[in-house]
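This is run.pdb. It holds PDB, C-alpha atoms.
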ATOM      1  CA  ILE D  22      -2.159  -7.576  16.713
ATOM      2  CA  SER D  23      -4.368  -6.658  13.766
ATOM      3  CA  PHE D  24      -3.441  -9.924  12.042
ATOM      4  CA  VAL D  25      -5.049 -11.790  14.944
ATOM      5  CA  LEU D  26      -7.975  -9.422  15.445
ATOM      6  CA  GLY D  27      -9.159  -9.634  11.831
ATOM      7  CA  PRO D  28      -9.984 -13.362  11.783
ATOM      8  CA  TYR D  29     -11.356 -13.062  15.316
ATOM      9  CA  ILE D  30     -13.824 -10.369  14.217
ATOM     10  CA  VAL D  31     -14.832 -12.163  11.018
ATOM     11  CA  PHE D  32     -15.175 -15.691  12.431
ATOM     12  CA  ASN D  33     -15.553 -15.604  16.215
ATOM     13  CA  THR D  34     -17.863 -12.727  17.066
ATOM     14  CA  SER D  35     -21.588 -12.095  16.860
ATOM     15  CA  ILE D  36     -21.117  -9.700  13.935
ATOM     16  CA  GLY D  37     -18.973 -12.283  12.184
ATOM     17  CA  LYS D  38     -21.619 -14.960  12.607
ATOM     18  CA  GLU D  39     -24.115 -12.687  10.854
ATOM     19  CA  ILE D  40     -22.201 -13.069   7.579
ATOM     20  CA  VAL D  41     -21.729 -16.857   7.695
ATOM     21  CA  GLY D  42     -22.466 -18.220   4.229
ATOM     22  CA  LYS D  43     -22.955 -14.730   2.818
ATOM     23  CA  SER D  44     -21.583 -13.919  -0.623
ATOM     24  CA  SER D  45     -20.894 -10.548  -2.170
ATOM     25  CA  ASP D  46     -19.630  -8.978  -5.370
ATOM     26  CA  PHE D  47     -15.910  -8.260  -5.412
ATOM     27  CA  TYR D  48     -13.739  -6.692  -8.071
ATOM     28  CA  ILE D  49     -10.466  -7.444  -9.789
ATOM     29  CA  PHE D  50      -8.814  -4.507 -11.521
ATOM     30  CA  PHE D  51      -6.634  -4.616 -14.611
ATOM     31  CA  ILE D  52      -5.220  -1.457 -16.196
ATOM     32  CA  GLY D  53      -7.692   0.474 -14.074
ATOM     33  CA  LEU D  54     -10.710  -1.459 -15.353
ATOM     34  CA  ALA D  55     -12.941  -3.362 -12.927
ATOM     35  CA  PHE D  56     -14.104  -6.939 -13.429
ATOM     36  CA  SER D  57     -16.590  -8.301 -10.907
ATOM     37  CA  PHE D  58     -16.884 -11.760  -9.417
ATOM     38  CA  LYS D  59     -18.966 -13.256  -6.631
ATOM     39  CA  SER D  60     -17.403 -14.949  -3.624
ATOM     40  CA  ASN D  61     -18.176 -16.124  -0.130
ATOM     41  CA  MET D  62     -17.025 -13.273   2.081
ATOM     42  CA  GLN D  63     -15.397 -15.267   4.855
ATOM     43  CA  SER D  64     -13.661 -17.679   2.481
ATOM     44  CA  LEU D  65     -12.176 -14.863   0.427
ATOM     45  CA  PHE D  66     -11.174 -12.997   3.570
ATOM     46  CA  ILE D  67      -9.173 -15.853   5.079
ATOM     47  CA  SER D  68      -7.578 -16.735   1.726
ATOM     48  CA  GLU D  69      -6.342 -13.190   1.268
ATOM     49  CA  TRP D  70      -5.398 -12.948   4.944
ATOM     50  CA  VAL D  71      -2.931 -15.805   4.348
ATOM     51  CA  ILE D  72      -1.523 -13.932   1.346
ATOM     52  CA  TYR D  73      -1.020 -10.744   3.372
ATOM     53  CA  LEU D  74       0.662 -12.667   6.170
ATOM     54  CA  SER D  75       2.956 -14.308   3.614
ATOM     55  CA  ILE D  76       3.842 -10.949   2.068
ATOM     56  CA  PHE D  77       4.541  -9.511   5.524
ATOM     57  CA  THR D  78       6.889 -12.413   6.296
ATOM     58  CA  ILE D  79       8.696 -12.225   2.956
ATOM     59  CA  LEU D  80       9.248  -8.483   3.251
ATOM     60  CA  ALA D  81      10.728  -8.913   6.721
ATOM     61  CA  VAL D  82      13.561 -11.032   5.315
ATOM     62  CA  THR D  83      14.203  -9.208   2.041
ATOM     63  CA  GLY D  84      16.004  -6.020   1.128
ATOM     64  CA  LYS D  85      19.485  -4.857   2.055
ATOM     65  CA  GLU D  86      18.919  -5.911   5.667
ATOM     66  CA  GLN D  87      16.801  -8.512   7.459
ATOM     67  CA  VAL D  88      14.610  -7.401  10.352
ATOM     68  CA  SER D  89      15.723 -10.368  12.466
ATOM     69  CA  LYS D  90      19.370  -9.415  11.949
ATOM     70  CA  LEU D  91      18.720  -5.789  12.865
ATOM     71  CA  LEU D  92      16.900  -6.838  16.033
ATOM     72  CA  LYS D  93      19.598  -9.341  16.945
ATOM     73  CA  GLU D  94      22.338  -6.764  16.504
ATOM     74  CA  LYS D  95      20.217  -4.098  18.256
ATOM     75  CA  ARG D  96      20.380  -1.805  15.235
ATOM     76  CA  ALA D  97      16.657  -1.584  14.485
ATOM     77  CA  LEU D  98      16.306   1.961  15.850
ATOM     78  CA  ILE D  99      19.377   3.362  14.106
ATOM     79  CA  ALA D 100      19.212   1.460  10.820
ATOM     80  CA  ASP D 101      18.229   3.046   7.528
ATOM     81  CA  PRO D 102      14.392   2.860   7.611
ATOM     82  CA  PHE D 103      14.394   1.953   3.920
ATOM     83  CA  SER D 104      17.063  -0.766   4.078
ATOM     84  CA  ASN D 105      14.579  -3.586   4.590
ATOM     85  CA  ASN D 106      11.424  -4.090   2.553
ATOM     86  CA  LEU D 107       9.167  -4.361   5.599
ATOM     87  CA  MET D 108      10.741  -1.285   7.176
ATOM     88  CA  ALA D 109      10.368   0.540   3.865
ATOM     89  CA  ALA D 110       6.672  -0.371   3.761
ATOM     90  CA  ILE D 111       6.172   0.933   7.305
ATOM     91  CA  SER D 112       8.145   4.091   6.542
ATOM     92  CA  ILE D 113       6.336   4.896   3.296
ATOM     93  CA  PHE D 114       3.004   4.129   4.955
ATOM     94  CA  SER D 115       3.787   6.549   7.791
ATOM     95  CA  ILE D 116       4.853   9.286   5.375
ATOM     96  CA  THR D 117       1.737   8.731   3.267
ATOM     97  CA  VAL D 118      -0.501   8.949   6.343
ATOM     98  CA  VAL D 119       0.946  12.371   7.180
ATOM     99  CA  ILE D 120       0.527  13.574   3.588
ATOM    100  CA  VAL D 121      -3.082  12.360   3.418
ATOM    101  CA  LEU D 122      -3.886  13.942   6.798
ATOM    102  CA  VAL D 123      -2.494  17.284   5.626
ATOM    103  CA  VAL D 124      -4.511  17.063   2.402
ATOM    104  CA  ASP D 125      -7.613  16.117   4.389
ATOM    105  CA  TRP D 126      -7.089  19.047   6.788
ATOM    106  CA  ILE D 127      -6.727  21.515   3.913
ATOM    107  CA  GLN D 128      -9.807  20.174   2.152
ATOM    108  CA  TYR D 129     -11.853  20.224   5.337
ATOM    109  CA  ASN D 130     -10.978  23.859   5.956
ATOM    110  CA  VAL D 131     -12.005  24.914   2.457
ATOM    111  CA  GLY D 132     -15.229  22.911   2.576
ATOM    112  CA  ILE D 133     -14.342  19.993   0.305
ATOM    113  CA  GLU D 134     -16.114  16.842   1.476
ATOM    114  CA  THR D 135     -14.438  13.441   1.488
ATOM    115  CA  GLY D 136     -17.352  11.194   2.398
ATOM    116  CA  ASN D 137     -17.540   8.126   4.595
ATOM    117  CA  LEU D 138     -17.665   4.377   4.278
ATOM    118  CA  PRO D 139     -21.230   3.014   4.101
ATOM    119  CA  GLU D 140     -23.002   1.785   7.208
ATOM    120  CA  MET D 141     -22.918  -2.010   7.262
ATOM    121  CA  ASN D 142     -22.001  -4.979   9.387
ATOM    122  CA  PRO D 143     -18.400  -4.259  10.517
ATOM    123  CA  ALA D 144     -17.274  -7.819   9.759
ATOM    124  CA  GLU D 145     -18.687  -7.505   6.251
ATOM    125  CA  LEU D 146     -16.957  -4.154   5.825
ATOM    126  CA  LEU D 147     -13.670  -5.683   6.944
ATOM    127  CA  CYS D 148     -13.998  -8.440   4.346
ATOM    128  CA  ILE D 149     -14.645  -5.907   1.590
ATOM    129  CA  ILE D 150     -11.856  -3.470   2.412
ATOM    130  CA  SER D 151      -9.404  -6.334   2.960
ATOM    131  CA  HIS D 152      -9.815  -7.337  -0.668
ATOM    132  CA  ALA D 153      -8.930  -3.921  -2.091
ATOM    133  CA  PRO D 154      -5.131  -3.920  -1.551
ATOM    134  CA  LEU D 155      -4.574  -7.019  -3.670
ATOM    135  CA  SER D 156      -7.004  -6.183  -6.453
ATOM    136  CA  GLU D 157      -6.160  -2.483  -6.680
ATOM    137  CA  GLU D 158      -2.382  -2.821  -6.505
ATOM    138  CA  ILE D 159      -2.519  -5.323  -9.349
ATOM    139  CA  GLY D 160      -4.956  -3.124 -11.252
ATOM    140  CA  PHE D 161      -3.436   0.307 -10.703
ATOM    141  CA  ARG D 162       0.235  -0.314 -10.020
ATOM    142  CA  LEU D 163       1.368  -3.624 -11.497
ATOM    143  CA  SER D 164      -0.744  -3.474 -14.652
ATOM    144  CA  LEU D 165      -0.571   0.281 -15.264
ATOM    145  CA  ILE D 166       2.992   1.115 -14.240
ATOM    146  CA  GLY D 167       4.501  -2.322 -14.752
ATOM    147  CA  ILE D 168       3.073  -3.223 -18.143
ATOM    148  CA  PHE D 169       3.365   0.230 -19.699
ATOM    149  CA  SER D 170       6.947   0.626 -18.494
ATOM    150  CA  ILE D 171       7.743  -2.716 -20.138
ATOM    151  CA  ILE D 172       6.525  -1.246 -23.415
ATOM    152  CA  PHE D 173       8.341   2.079 -23.063
ATOM    153  CA  LEU D 174      11.607   0.498 -21.902
ATOM    154  CA  ARG D 175      11.337  -2.476 -24.273
ATOM    155  CA  VAL D 176      12.232  -4.747 -21.396
ATOM    156  CA  TRP D 177      11.824  -7.909 -23.469
ATOM    157  CA  ARG D 178      14.951  -6.905 -25.402
ATOM    158  CA  LYS D 179      17.071  -6.761 -22.265
ATOM    159  CA  LYS D 180      16.929 -10.481 -21.463
ATOM    160  CA  ILE D 181      15.185  -9.826 -18.163
ATOM    161  CA  SER D 182      12.493 -12.055 -16.694
ATOM    162  CA  LEU D 183       9.205 -10.235 -17.202
ATOM    163  CA  ILE D 184       7.826 -11.812 -14.032
ATOM    164  CA  ASP D 185      10.759 -10.526 -11.982
ATOM    165  CA  TYR D 186      10.353  -7.141 -13.615
ATOM    166  CA  LEU D 187       6.623  -6.915 -12.920
ATOM    167  CA  ILE D 188       7.216  -7.823  -9.274
ATOM    168  CA  ALA D 189      10.004  -5.268  -8.745
ATOM    169  CA  PRO D 190      10.567  -3.037 -11.799
ATOM    170  CA  ILE D 191      13.444  -0.690 -10.971
ATOM    171  CA  PRO D 192      15.288  -3.061  -8.577
ATOM    172  CA  THR D 193      15.218  -5.698 -11.332
ATOM    173  CA  LEU D 194      16.651  -3.258 -13.865
ATOM    174  CA  ARG D 195      19.389  -2.237 -11.438
ATOM    175  CA  SER D 196      20.362  -5.795 -10.589
ATOM    176  CA  LYS D 197      20.132  -7.344 -14.048
ATOM    177  CA  LEU D 198      21.583  -4.633 -16.269
ATOM    178  CA  LYS D 199      25.214  -3.635 -16.497
ATOM    179  CA  ASP D 200      26.147  -0.132 -15.378
ATOM    180  CA  THR D 201      26.594   0.873 -19.001
ATOM    181  CA  GLU D 202      23.096  -0.382 -19.864
ATOM    182  CA  TYR D 203      21.210   1.129 -16.943
ATOM    183  CA  ASP D 204      20.241   4.712 -17.751
ATOM    184  CA  GLU D 205      18.918   6.068 -14.465
ATOM    185  CA  LYS D 206      17.709   9.376 -15.895
ATOM    186  CA  ARG D 207      15.724   7.629 -18.624
ATOM    187  CA  VAL D 208      14.241   5.187 -16.119
ATOM    188  CA  HIS D 209      13.108   8.034 -13.869
ATOM    189  CA  ALA D 210      11.773   9.967 -16.865
ATOM    190  CA  ILE D 211       9.599   7.002 -17.840
ATOM    191  CA  PHE D 212       8.441   5.981 -14.386
ATOM    192  CA  LEU D 213       7.561   9.416 -13.015
ATOM    193  CA  PRO D 214       4.741  10.111 -15.526
ATOM    194  CA  LEU D 215       3.449   6.559 -15.095
ATOM    195  CA  ILE D 216       3.413   6.930 -11.307
ATOM    196  CA  LEU D 217       1.579  10.262 -11.573
ATOM    197  CA  ALA D 218      -0.892   8.867 -14.111
ATOM    198  CA  SER D 219      -1.526   5.778 -12.011
ATOM    199  CA  GLY D 220      -2.127   7.898  -8.922
ATOM    200  CA  THR D 221      -4.478  10.226 -10.781
ATOM    201  CA  ILE D 222      -6.524   7.374 -12.233
ATOM    202  CA  PHE D 223      -6.588   5.731  -8.812
ATOM    203  CA  GLY D 224      -7.928   8.940  -7.303
ATOM    204  CA  LEU D 225     -10.611   9.384  -9.942
ATOM    205  CA  ALA D 226     -11.679   5.752  -9.557
ATOM    206  CA  HIS D 227     -12.714   6.549  -5.993
ATOM    207  CA  ILE D 228     -15.346   9.062  -7.110
ATOM    208  CA  MET D 229     -16.954   7.141  -9.935
ATOM    209  CA  PRO D 230     -20.783   7.346  -9.986
ATOM    210  CA  SER D 231     -21.129   4.060  -8.079
ATOM    211  CA  SER D 232     -18.745   5.186  -5.330
ATOM    212  CA  VAL D 233     -19.801   6.273  -1.831
ATOM    213  CA  TRP D 234     -16.999   8.842  -1.635
ATOM    214  CA  GLU D 235     -17.190  12.595  -2.226
ATOM    215  CA  VAL D 236     -14.880  14.589  -4.493
ATOM    216  CA  GLY D 237     -12.315  15.175  -1.739
ATOM    217  CA  LYS D 238     -11.523  11.478  -1.687
ATOM    218  CA  ALA D 239     -10.092  11.734  -5.197
ATOM    219  CA  THR D 240      -7.324  14.041  -3.999
ATOM    220  CA  GLU D 241      -6.484  11.901  -0.984
ATOM    221  CA  ALA D 242      -6.489   8.713  -3.036
ATOM    222  CA  ALA D 243      -4.395  10.332  -5.772
ATOM    223  CA  PHE D 244      -1.655  11.329  -3.326
ATOM    224  CA  ALA D 245      -1.794   7.883  -1.734
ATOM    225  CA  GLY D 246      -1.723   6.313  -5.199
ATOM    226  CA  ILE D 247       1.411   8.248  -6.104
ATOM    227  CA  MET D 248       3.148   7.007  -2.955
ATOM    228  CA  LEU D 249       2.000   3.464  -3.700
ATOM    229  CA  GLY D 250       3.367   3.860  -7.218
ATOM    230  CA  ILE D 251       6.731   4.907  -5.807
ATOM    231  CA  ALA D 252       6.681   1.921  -3.450
ATOM    232  CA  TYR D 253       5.917  -0.463  -6.302
ATOM    233  CA  SER D 254       8.372   1.001  -8.785
ATOM    234  CA  TYR D 255      11.347   1.461  -6.477
ATOM    235  CA  TYR D 256      10.759  -1.540  -4.209
ATOM    236  CA  ASN D 257       8.244  -4.193  -5.257
ATOM    237  CA  ILE D 258       4.575  -5.053  -5.524
ATOM    238  CA  GLY D 259       4.648  -6.618  -2.050
ATOM    239  CA  VAL D 260       5.646  -3.320  -0.444
ATOM    240  CA  ALA D 261       2.833  -1.516  -2.269
ATOM    241  CA  ILE D 262       0.284  -4.160  -1.279
ATOM    242  CA  LEU D 263       1.332  -4.067   2.368
ATOM    243  CA  ILE D 264       1.112  -0.259   2.521
ATOM    244  CA  HIS D 265      -2.370  -0.406   1.015
ATOM    245  CA  TRP D 266      -3.230  -3.220   3.432
ATOM    246  CA  ALA D 267      -2.106  -1.029   6.330
ATOM    247  CA  PHE D 268      -4.534   1.707   5.272
ATOM    248  CA  ASN D 269      -7.468  -0.663   4.847
ATOM    249  CA  TYR D 270      -7.082  -3.677   7.098
ATOM    250  CA  TYR D 271      -4.609  -2.722   9.807
ATOM    251  CA  SER D 272      -6.210   0.580  10.817
ATOM    252  CA  ASN D 273      -9.840  -0.458  10.449
ATOM    253  CA  THR D 274      -9.384  -3.739  12.315
ATOM    254  CA  LEU D 275      -8.290  -1.842  15.413
ATOM    255  CA  TYR D 276     -11.120   0.682  15.050
ATOM    256  CA  ILE D 277     -13.770  -2.017  14.545
ATOM    257  CA  PHE D 278     -12.544  -4.048  17.511
ATOM    258  CA  GLU D 279     -12.486  -1.062  19.856
ATOM    259  CA  GLU D 280     -15.842   0.318  18.702
ATOM    260  CA  ASN D 281     -17.669  -3.008  18.961
ATOM    261  CA  PHE D 282     -15.899  -4.935  21.699
ATOM    262  CA  VAL D 283     -13.195  -3.604  24.019
ATOM    263  CA  ASN D 284     -11.751  -0.105  23.781
ATOM    264  CA  ILE D 285      -8.156  -0.759  24.736
ATOM    265  CA  GLY D 286      -6.960   2.574  23.359
ATOM    266  CA  LEU D 287      -4.434   0.899  21.093
ATOM    267  CA  SER D 288      -5.687   2.615  17.941
ATOM    268  CA  ASN D 289      -4.939   6.056  19.403
ATOM    269  CA  ILE D 290      -1.452   4.979  20.431
ATOM    270  CA  MET D 291      -0.741   3.482  17.015
ATOM    271  CA  ASP D 292      -2.156   6.506  15.170
ATOM    272  CA  THR D 293       0.047   8.848  17.179
ATOM    273  CA  THR D 294       3.100   6.656  16.632
ATOM    274  CA  ILE D 295       2.522   6.483  12.881
ATOM    275  CA  ILE D 296       2.045  10.250  12.578
ATOM    276  CA  LEU D 297       5.186  10.933  14.617
ATOM    277  CA  LEU D 298       7.203   8.446  12.581
ATOM    278  CA  GLY D 299       5.935   9.876   9.306
ATOM    279  CA  SER D 300       6.700  13.438  10.391
ATOM    280  CA  ILE D 301      10.210  12.498  11.511
ATOM    281  CA  LEU D 302      10.906  10.691   8.248
ATOM    282  CA  ILE D 303       9.668  13.631   6.170
ATOM    283  CA  LEU D 304      11.941  15.982   8.132
ATOM    284  CA  ARG D 305      14.819  13.545   7.722
ATOM    285  CA  ILE D 306      14.338  13.433   3.953
ATOM    286  CA  ILE D 307      14.136  17.232   3.734
ATOM    287  CA  LEU D 308      17.268  17.698   5.850
ATOM    288  CA  ALA D 309      19.160  15.070   3.867
ATOM    289  CA  ASN D 310      18.340  16.864   0.614
ATOM    290  CA  VAL D 311      19.352  20.240   2.064
ATOM    291  CA  ILE D 312      22.671  18.826   3.268
ATOM    292  CA  LEU D 313      23.355  17.212  -0.111
ATOM    293  CA  LYS D 314      22.654  20.471  -1.953
ATOM    294  CA  ASN D 315      25.001  22.411   0.319
ATOM    295  CA  ARG D 316      27.907  20.040  -0.196
TER     296      ARG D 316
END
Starting from the file, give its structure as C-alpha cells.
Amino acid sequence: ISFVLGPYIVFNTSIGKEIVGKSSDFYIFFIGLAFSFKSNMQSLFISEWVIYLSIFTILAVTGKEQVSKLLKEKRALIADPFSNNLMAAISIFSITVVIVLVVDWIQYNVGIETGNLPEMNPAELLCIISHAPLSEEIGFRLSLIGIFSIIFLRVWRKKISLIDYLIAPIPTLRSKLKDTEYDEKRVHAIFLPLILASGTIFGLAHIMPSSVWEVGKATEAAFAGIMLGIAYSYYNIGVAILIHWAFNYYSNTLYIFEENFVNIGLSNIMDTTIILLGSILILRIILANVILKNR
C-alpha cells in the first residue's frame, strides 16, 4: 500500500502540488562522508521509488526460497523467516523496530531526548527521507563494511568478483570459496568490528551540528545501524536498503496519509503487527540458542 501512497502524496495531492518544480540539496555518502548535490525533489523521488520497487521485487525471488513458491505451497507462515531475502528484510526490520523501541523507552525514562523531524511540507519531507536509504546504505554499509573488509580479507587474491562481493559480502565468500578456503571464524572476527564501527559512525552522524536530532537519536541510530550492517554483511545490500526504506518511507507514508487525508487506522494495525512479529522472532532466536546450548 505504501508503494502506491507515496507517489499519490507527492504528485496527486495539494501538498504535493506545492513542491512542483522545487529543488533541494540532497546528499550522497561515501565512507561516512557527505557530498551534496541539488535535484528536483519530485524527479529524484520517483527515480528512487522505481529503484526501491525493483529491489523489493528482486528480494522476493532470491534467497533459499521464493515468496511465490512459499505462497503457492502454503508454507509462508511456517517457513524459515530468513530463508528468502524479502522475508529476511521484513524479519530483521521487525526485530530492529522492537530493539529501537526498547532503547527509546529506556532513554525517555531517564530523560534523554531524541528530537523530532523538522516541520515542513509532508510531501517534501517524504522526498527527503526517501532518499536516505540509498545514500546512507551505500555510504555507511557498502563503502565502510564492504570496502574495508575487502582490504582486511584481501578479497582480490581470491578470484572473486569485487562487484558481487560488495553487493553480498559473506554470501559471496561462502558460495565462491571452497570449504578449505572459507574460514568462518576469521570472517566473523573481521566483520563484527566493522559492523559495530559502521553502526557507531552512523549513530554519531545523526547528531552532527547540522542535524535536527538530539543526543538520544545517536543511540537509536547506532543500534539500527548495527542491524543494517548485519543485514548487509550476511545477506546483501538490497536487504539493508529495504530495511532502511521501511523505517523511512514505509512507516512515514502511512502516517502522512492518515494525518493529512484519511485516517484509515492502517498505521496502527501495521505497527502492532510489526512489533508482535519482532517480539516473536526475538523469542524464537533466544529459544533456539538455548536449545542448541543444551544439546
Problem - Counting only C-alpha atoms, the residue of D:Asn137, D:Ser156, D:Asn269, D:Phe173 that sits nearest Val233 (chain D) - result: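 Going through D:Asn137, D:Ser156, D:Asn269, D:Phe173 one by one, the smallest distance to Val233 (chain D) is for D:Asn137.
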Practice task
Write out as a PyMOL selection string which residues come within 8 Å of region 184-201 of chain D when counting only C-alpha atoms, dropping same-chain ones fewer than 2 positions away.
Solution key: chain D and resi 163+167-168+179+181-182+203-204+208+253-259
Practice task
Would you please work out which residue, of D:Gly136, D:Gln63, D:Leu147, D:Trp70, is nearest to Phe278 (chain D) when using only C-alpha atoms?
Solution key: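 The answer is D:Leu147, which sits nearest to Phe278 (chain D).
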Kindly list the centre and edge lengths in Å, rounded to one decimal, for the axis-aligned box that covers all listed atoms of region 228-247 of chain D plus 4 Å on each of its six sides, as AutoDock Vina command-line options.
--center_x -9.9 --center_y 9.6 --center_z -5.5 --size_x 30.5 --size_y 19.1 --size_z 17.0
Practice task
Please measure the separation of CA of Ile216 (chain D) and CA of Ser164 (chain D), giving the value in Å to one decimal.
Solution key: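 Going from CA of Ile216 (chain D) over to CA of Ser164 (chain D) covers 11.7 Å.
For the choices D:Asp101, D:Glu205, D:Glu279, D:Glu158, the atom-to-atom distance to Pro143 (chain D) is smallest for D:Glu279 when using all atoms listed in the file.
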Practice task
Determine the residue membership of the PyMOL selection byres ((chain D and resi 57) around 7) for the file above and supply it as an MDAnalysis selection string.
Solution key: chainID D and resid 46:49 55:56 58:59
Exercise for the section: Compile the contact shell of region 260-268 of chain D as a list in words: residues with an atom at most 7 Å away, counting only C-alpha atoms, same-chain residues fewer than 3 positions apart removed. Expected result: Asn106, Ala110, Phe114, Ser151, Pro154, Leu155, Glu158, Leu249, Ala252, Tyr253, Tyr256, Asn257, Tyr271 and Ser272 of chain D
Using only C-alpha atoms, what table do you get, as CSV, when you list each residue of region 34-129 of chain D with an atom no more than 12 Å from region 282-295 of chain D, its nearest pair of atoms, and their distance in Å rounded to one decimal, rows by chain then rising number?
residue,atom,partner,partner_atom,distance
D:Thr34,CA,D:Phe282,CA,9.3
D:Ser35,CA,D:Phe282,CA,10.3
D:Ile36,CA,D:Phe282,CA,10.5
D:Ile111,CA,D:Ile295,CA,8.7
D:Ser112,CA,D:Ile295,CA,8.8
D:Ile113,CA,D:Ile295,CA,10.4
D:Phe114,CA,D:Ile295,CA,8.3
D:Ser115,CA,D:Ile295,CA,5.2
D:Ile116,CA,D:Ile295,CA,8.3
D:Thr117,CA,D:Ile295,CA,9.9
D:Val118,CA,D:Ile295,CA,7.6
D:Val119,CA,D:Ile295,CA,8.3
D:Ile120,CA,D:Ile295,CA,11.9
D:Leu122,CA,D:Asp292,CA,11.3
Practice task
Would you mind telling me which residue in D:Trp177, D:Leu165, D:Gly53, D:Leu138 lies nearest to Gly224 (chain D) when using only C-alpha atoms?
Solution key: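 Once distances to Gly224 (chain D) are computed over only C-alpha atoms, the minimum belongs to D:Gly53.
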Exercise for the section: Compare D:Tyr276, D:Phe24, D:Phe103, D:Phe50 by their minimum atom-to-atom distance to Ile67 (chain D), counting all atoms listed in the file, and give me the closest one. Expected result: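 Residue with the minimum atom-to-atom distance to Ile67 (chain D): D:Phe24.
Between CA of Glu241 (chain D) and CA of Val124 (chain D) there is a distance of 6.5 Å.
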Can you spit out region 182-188 of chain D with all heavy atoms, as a short mmCIF file (atom, residue, chain, number, x, y, z; two decimals), in the first residue's frame, from the structure just given?
data_model
loop_
_atom_site.label_atom_id
_atom_site.label_comp_id
_atom_site.auth_asym_id
_atom_site.auth_seq_id
_atom_site.Cartn_x
_atom_site.Cartn_y
_atom_site.Cartn_z
N SER D 182 34.63 -11.84 -7.84
CA SER D 182 34.18 -10.57 -8.40
C SER D 182 33.97 -9.56 -7.28
O SER D 182 33.21 -9.81 -6.34
CB SER D 182 32.87 -10.77 -9.17
OG SER D 182 32.27 -9.52 -9.44
N LEU D 183 34.65 -8.43 -7.37
CA LEU D 183 34.52 -7.41 -6.33
C LEU D 183 33.11 -6.82 -6.31
O LEU D 183 32.61 -6.43 -5.25
CB LEU D 183 35.55 -6.30 -6.54
CG LEU D 183 37.02 -6.70 -6.34
CD1 LEU D 183 37.93 -5.50 -6.54
CD2 LEU D 183 37.24 -7.31 -4.96
N ILE D 184 32.48 -6.77 -7.47
CA ILE D 184 31.10 -6.25 -7.52
C ILE D 184 30.16 -7.20 -6.78
O ILE D 184 29.34 -6.77 -5.96
CB ILE D 184 30.64 -6.06 -8.98
CG1 ILE D 184 31.47 -4.95 -9.65
CG2 ILE D 184 29.15 -5.72 -9.04
CD1 ILE D 184 31.16 -4.74 -11.11
N ASP D 185 30.29 -8.49 -7.07
CA ASP D 185 29.47 -9.48 -6.36
C ASP D 185 29.72 -9.40 -4.86
O ASP D 185 28.79 -9.48 -4.05
CB ASP D 185 29.79 -10.90 -6.84
CG ASP D 185 29.28 -11.16 -8.25
OD1 ASP D 185 28.46 -10.36 -8.74
OD2 ASP D 185 29.72 -12.15 -8.86
N TYR D 186 30.99 -9.24 -4.51
CA TYR D 186 31.35 -9.19 -3.09
C TYR D 186 30.74 -7.96 -2.41
O TYR D 186 30.19 -8.06 -1.31
CB TYR D 186 32.87 -9.18 -2.93
CG TYR D 186 33.30 -9.09 -1.48
CD1 TYR D 186 33.41 -10.24 -0.70
CD2 TYR D 186 33.55 -7.86 -0.88
CE1 TYR D 186 33.77 -10.16 0.64
CE2 TYR D 186 33.91 -7.77 0.45
CZ TYR D 186 34.02 -8.92 1.21
OH TYR D 186 34.36 -8.84 2.53
N LEU D 187 30.84 -6.81 -3.06
CA LEU D 187 30.31 -5.59 -2.47
C LEU D 187 28.79 -5.64 -2.32
O LEU D 187 28.22 -5.05 -1.41
CB LEU D 187 30.70 -4.37 -3.30
CG LEU D 187 32.15 -3.90 -3.15
CD1 LEU D 187 32.47 -2.81 -4.17
CD2 LEU D 187 32.42 -3.39 -1.74
N ILE D 188 28.13 -6.35 -3.22
CA ILE D 188 26.67 -6.49 -3.14
C ILE D 188 26.28 -7.41 -1.99
O ILE D 188 25.35 -7.11 -1.23
CB ILE D 188 26.10 -7.01 -4.47
CG1 ILE D 188 26.25 -5.94 -5.56
CG2 ILE D 188 24.62 -7.41 -4.31
CD1 ILE D 188 25.89 -6.42 -6.94
#
